[in-house]
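**Student:** Input file: upload.cif. Contents: mmCIF, N, CA and C atoms and all ligand atoms.
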```cif
data_input
#
loop_
_atom_site.label_atom_id
_atom_site.label_comp_id
_atom_site.auth_asym_id
_atom_site.auth_seq_id
_atom_site.Cartn_x
_atom_site.Cartn_y
_atom_site.Cartn_z
N MET A 1 107.22 72.50 196.89
CA MET A 1 107.48 73.03 195.53
C MET A 1 106.20 73.70 195.00
N ASN A 2 106.35 74.90 194.49
CA ASN A 2 105.15 75.52 193.92
C ASN A 2 104.98 75.13 192.45
N ARG A 3 103.88 75.55 191.89
CA ARG A 3 103.50 75.10 190.56
C ARG A 3 104.48 75.58 189.49
N ASP A 4 104.99 76.81 189.63
CA ASP A 4 105.90 77.33 188.64
C ASP A 4 107.21 76.55 188.60
N ASP A 5 107.68 76.16 189.79
CA ASP A 5 108.90 75.34 189.84
C ASP A 5 108.69 74.03 189.09
N LEU A 6 107.54 73.44 189.34
CA LEU A 6 107.23 72.15 188.72
C LEU A 6 107.15 72.31 187.21
N LEU A 7 106.43 73.34 186.76
CA LEU A 7 106.30 73.58 185.32
C LEU A 7 107.66 73.84 184.70
N GLY A 8 108.49 74.64 185.38
CA GLY A 8 109.81 74.94 184.88
C GLY A 8 110.63 73.69 184.69
N ARG A 9 110.47 72.76 185.59
CA ARG A 9 111.24 71.52 185.48
C ARG A 9 110.73 70.65 184.35
N VAL A 10 109.41 70.62 184.19
CA VAL A 10 108.83 69.79 183.15
C VAL A 10 109.18 70.35 181.77
N LEU A 11 109.02 71.65 181.60
CA LEU A 11 109.22 72.26 180.29
C LEU A 11 110.70 72.49 180.00
N GLY A 12 111.48 72.76 181.05
CA GLY A 12 112.89 73.02 180.85
C GLY A 12 113.10 74.40 180.26
N PRO A 13 114.33 74.90 180.30
CA PRO A 13 114.61 76.25 179.81
C PRO A 13 114.79 76.31 178.29
N ALA A 14 114.93 75.17 177.64
CA ALA A 14 115.27 75.16 176.22
C ALA A 14 114.13 75.70 175.35
N GLU A 15 112.91 75.33 175.70
CA GLU A 15 111.76 75.74 174.90
C GLU A 15 111.10 76.96 175.53
N PRO A 16 111.24 78.14 174.92
CA PRO A 16 110.61 79.31 175.50
C PRO A 16 109.11 79.22 175.29
N GLU A 17 108.35 79.70 176.26
CA GLU A 17 106.90 79.70 176.07
C GLU A 17 106.32 81.01 176.56
N LEU A 18 105.44 81.58 175.75
CA LEU A 18 104.82 82.84 176.12
C LEU A 18 103.74 82.61 177.17
N THR A 19 103.42 83.68 177.88
CA THR A 19 102.22 83.65 178.72
C THR A 19 101.02 83.97 177.84
N CYS A 20 99.80 83.78 178.36
CA CYS A 20 98.60 84.11 177.60
C CYS A 20 98.60 85.58 177.21
N GLU A 21 99.08 86.43 178.12
CA GLU A 21 99.10 87.87 177.86
C GLU A 21 100.03 88.20 176.68
N GLN A 22 101.22 87.61 176.70
CA GLN A 22 102.17 87.83 175.62
C GLN A 22 101.65 87.23 174.32
N CYS A 23 101.03 86.09 174.45
CA CYS A 23 100.46 85.40 173.30
C CYS A 23 99.42 86.30 172.64
N PHE A 24 98.56 86.87 173.45
CA PHE A 24 97.50 87.75 172.95
C PHE A 24 98.09 88.97 172.27
N ALA A 25 99.16 89.51 172.86
CA ALA A 25 99.80 90.71 172.31
C ALA A 25 100.46 90.44 170.96
N GLU A 26 100.93 89.21 170.76
CA GLU A 26 101.67 88.87 169.54
C GLU A 26 100.81 88.16 168.50
N LEU A 27 99.58 87.83 168.86
CA LEU A 27 98.79 86.94 168.01
C LEU A 27 98.54 87.51 166.61
N ASP A 28 98.21 88.80 166.54
CA ASP A 28 97.96 89.43 165.24
C ASP A 28 99.16 89.28 164.32
N ARG A 29 100.34 89.62 164.87
CA ARG A 29 101.57 89.57 164.10
C ARG A 29 101.89 88.13 163.69
N TYR A 30 101.69 87.23 164.63
CA TYR A 30 101.98 85.81 164.37
C TYR A 30 101.09 85.28 163.24
N VAL A 31 99.81 85.60 163.31
CA VAL A 31 98.87 85.14 162.29
C VAL A 31 99.24 85.72 160.93
N GLU A 32 99.61 86.99 160.90
CA GLU A 32 100.03 87.61 159.64
C GLU A 32 101.20 86.84 159.02
N LEU A 33 102.15 86.46 159.87
CA LEU A 33 103.33 85.74 159.40
C LEU A 33 102.95 84.35 158.89
N VAL A 34 102.10 83.67 159.64
CA VAL A 34 101.67 82.32 159.24
C VAL A 34 100.94 82.38 157.91
N VAL A 35 99.99 83.28 157.81
CA VAL A 35 99.19 83.40 156.59
C VAL A 35 100.05 83.85 155.41
N GLY A 36 101.05 84.70 155.72
CA GLY A 36 101.94 85.19 154.67
C GLY A 36 103.02 84.20 154.28
N GLY A 37 103.05 83.04 154.94
CA GLY A 37 104.03 82.03 154.62
C GLY A 37 105.43 82.34 155.15
N GLU A 38 105.49 83.26 156.12
CA GLU A 38 106.78 83.60 156.73
C GLU A 38 107.15 82.57 157.80
N LYS A 39 108.39 82.69 158.31
CA LYS A 39 108.81 81.78 159.37
C LYS A 39 108.30 82.28 160.72
N ALA A 40 107.03 82.09 160.95
CA ALA A 40 106.36 82.65 162.12
C ALA A 40 106.98 82.17 163.44
N ASP A 41 107.36 80.91 163.48
CA ASP A 41 107.88 80.37 164.74
C ASP A 41 109.28 80.87 165.08
N GLU A 42 110.01 81.31 164.05
CA GLU A 42 111.32 81.92 164.31
C GLU A 42 111.16 83.37 164.74
N ARG A 43 110.18 84.04 164.17
CA ARG A 43 109.96 85.45 164.46
C ARG A 43 109.31 85.65 165.82
N VAL A 44 108.45 84.72 166.19
CA VAL A 44 107.75 84.82 167.48
C VAL A 44 108.01 83.55 168.29
N PRO A 45 109.21 83.48 168.91
CA PRO A 45 109.57 82.27 169.64
C PRO A 45 108.62 82.06 170.83
N GLY A 46 108.27 80.82 171.07
CA GLY A 46 107.44 80.51 172.23
C GLY A 46 105.96 80.45 171.90
N MET A 47 105.57 81.02 170.78
CA MET A 47 104.15 81.03 170.44
C MET A 47 103.62 79.64 170.15
N LYS A 48 104.39 78.89 169.37
CA LYS A 48 103.95 77.55 169.01
C LYS A 48 103.77 76.67 170.25
N ALA A 49 104.76 76.77 171.15
CA ALA A 49 104.70 75.99 172.38
C ALA A 49 103.49 76.39 173.21
N HIS A 50 103.21 77.69 173.23
CA HIS A 50 102.07 78.14 174.02
C HIS A 50 100.76 77.66 173.41
N LEU A 51 100.63 77.77 172.12
CA LEU A 51 99.39 77.34 171.45
C LEU A 51 99.18 75.84 171.65
N HIS A 52 100.29 75.12 171.70
CA HIS A 52 100.21 73.68 171.89
C HIS A 52 99.65 73.34 173.27
N GLY A 53 100.04 74.16 174.26
CA GLY A 53 99.64 73.85 175.63
C GLY A 53 98.43 74.62 176.12
N CYS A 54 97.89 75.52 175.30
CA CYS A 54 96.81 76.37 175.77
C CYS A 54 95.65 76.35 174.76
N PRO A 55 94.64 75.52 175.02
CA PRO A 55 93.52 75.37 174.08
C PRO A 55 92.79 76.68 173.80
N ALA A 56 92.70 77.55 174.80
CA ALA A 56 91.98 78.82 174.61
C ALA A 56 92.68 79.68 173.57
N CYS A 57 94.00 79.82 173.68
CA CYS A 57 94.75 80.62 172.71
C CYS A 57 94.82 79.92 171.36
N ALA A 58 94.88 78.60 171.37
CA ALA A 58 94.91 77.86 170.11
C ALA A 58 93.62 78.11 169.34
N GLU A 59 92.52 78.19 170.06
CA GLU A 59 91.22 78.47 169.44
C GLU A 59 91.21 79.89 168.86
N ASP A 60 91.73 80.85 169.64
CA ASP A 60 91.83 82.23 169.15
C ASP A 60 92.68 82.29 167.89
N PHE A 61 93.78 81.55 167.92
CA PHE A 61 94.68 81.52 166.77
C PHE A 61 93.96 81.00 165.54
N ARG A 62 93.24 79.90 165.70
CA ARG A 62 92.54 79.30 164.55
C ARG A 62 91.50 80.24 163.97
N SER A 63 90.71 80.88 164.85
CA SER A 63 89.67 81.77 164.30
C SER A 63 90.28 82.96 163.59
N LEU A 64 91.34 83.52 164.19
CA LEU A 64 91.98 84.69 163.58
C LEU A 64 92.65 84.31 162.26
N ARG A 65 93.28 83.13 162.26
CA ARG A 65 93.96 82.69 161.03
C ARG A 65 92.93 82.49 159.91
N ASP A 66 91.80 81.86 160.25
CA ASP A 66 90.77 81.63 159.24
C ASP A 66 90.23 82.96 158.73
N LEU A 67 90.07 83.90 159.65
CA LEU A 67 89.56 85.22 159.29
C LEU A 67 90.52 85.91 158.34
N VAL A 68 91.80 85.95 158.73
CA VAL A 68 92.81 86.64 157.94
C VAL A 68 93.02 85.95 156.59
N SER A 69 93.08 84.62 156.58
CA SER A 69 93.33 83.93 155.31
C SER A 69 92.11 84.02 154.41
N GLY A 70 90.92 84.18 154.99
CA GLY A 70 89.71 84.33 154.20
C GLY A 70 89.64 85.67 153.50
N GLU A 71 90.42 86.64 154.03
CA GLU A 71 90.40 87.97 153.44
C GLU A 71 91.28 88.09 152.21
N ARG A 72 92.15 87.07 152.04
CA ARG A 72 93.10 87.18 150.92
C ARG A 72 92.51 86.61 149.62
ZN ZN A 101 97.12 80.98 176.41
#
```
Go ahead and render the structure in this file as structure tokens.
Ligand SMILES: [Zn+2]
**Tutor:**
Amino acid sequence: MNRDDLLGRVLGPAEPELTCEQCFAELDRYVELVVGGEKADERVPGMKAHLHGCPACAEDFRSLRDLVSGER
């Protein structure tokens, strides 16, 4: 069994999760939604799950969110 099969079984198909690349592409939009009080997790499905499992992207998210919310 390769690693993707194993991950697929552990995570299951119910919870969509972005890759780091997709996460990076959507991060600006996601942060805007979070800071704006929108339903970010509905608009960008899989982002929350990815941030939960990926410390590097979670760190990017936190710095960007602090930056954006500091501008308001
Ligand atoms: Zn990531």
**Student:** Could you tell me how far CA of Leu18 (chain A) sits from atom N of Met47 (chain A), in Å to one decimal place?
**Tutor:**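 Between atom N of Met47 (chain A) and CA of Leu18 (chain A) the gap is 5.7 Å.
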**Student:** Smallest atom-to-atom distance to ligand ZN 101 (chain A): which of A:Phe61, A:Gly46, A:Gly70, A:Cys54, using only N, CA and C atoms and all ligand atoms?
**Tutor:** A:Cys54
**Student:** Would you mind listing the residues within 7 Å of ligand ZN 101 (chain A), counting all atoms listed in the file, as a list in words?
**Tutor:**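 Result of the 7 Å neighbour search around ligand ZN 101 (chain A): Leu18, Thr19, Cys20, Glu21, Cys23, Phe24, His50, Leu51, Gly53, Cys54, Pro55, Ala56, Cys57 and Ala58 of chain A.
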**Student:** Per DSSP on the backbone, what are the helix (DSSP H, G or I) residues of region 16-49 of chain A, as an MDAnalysis selection string?
**Tutor:** chainID A and resid 20:35 40:43 47:49
**Student:** Just the residues within 8 Å of region 28-34 of chain A, please, counting all atoms listed in the file, with nothing from its chain fewer than 2 positions along; format it as a ChimeraX atom specification.
**Tutor:** /A:23-26,36-41,43-44,61,64-65,68-69
**Student:** Report, in Å to a single decimal, how far apart atom C of Pro16 (chain A) and atom N of Ala49 (chain A) are.
**Tutor:**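 The value is 6.5 Å.
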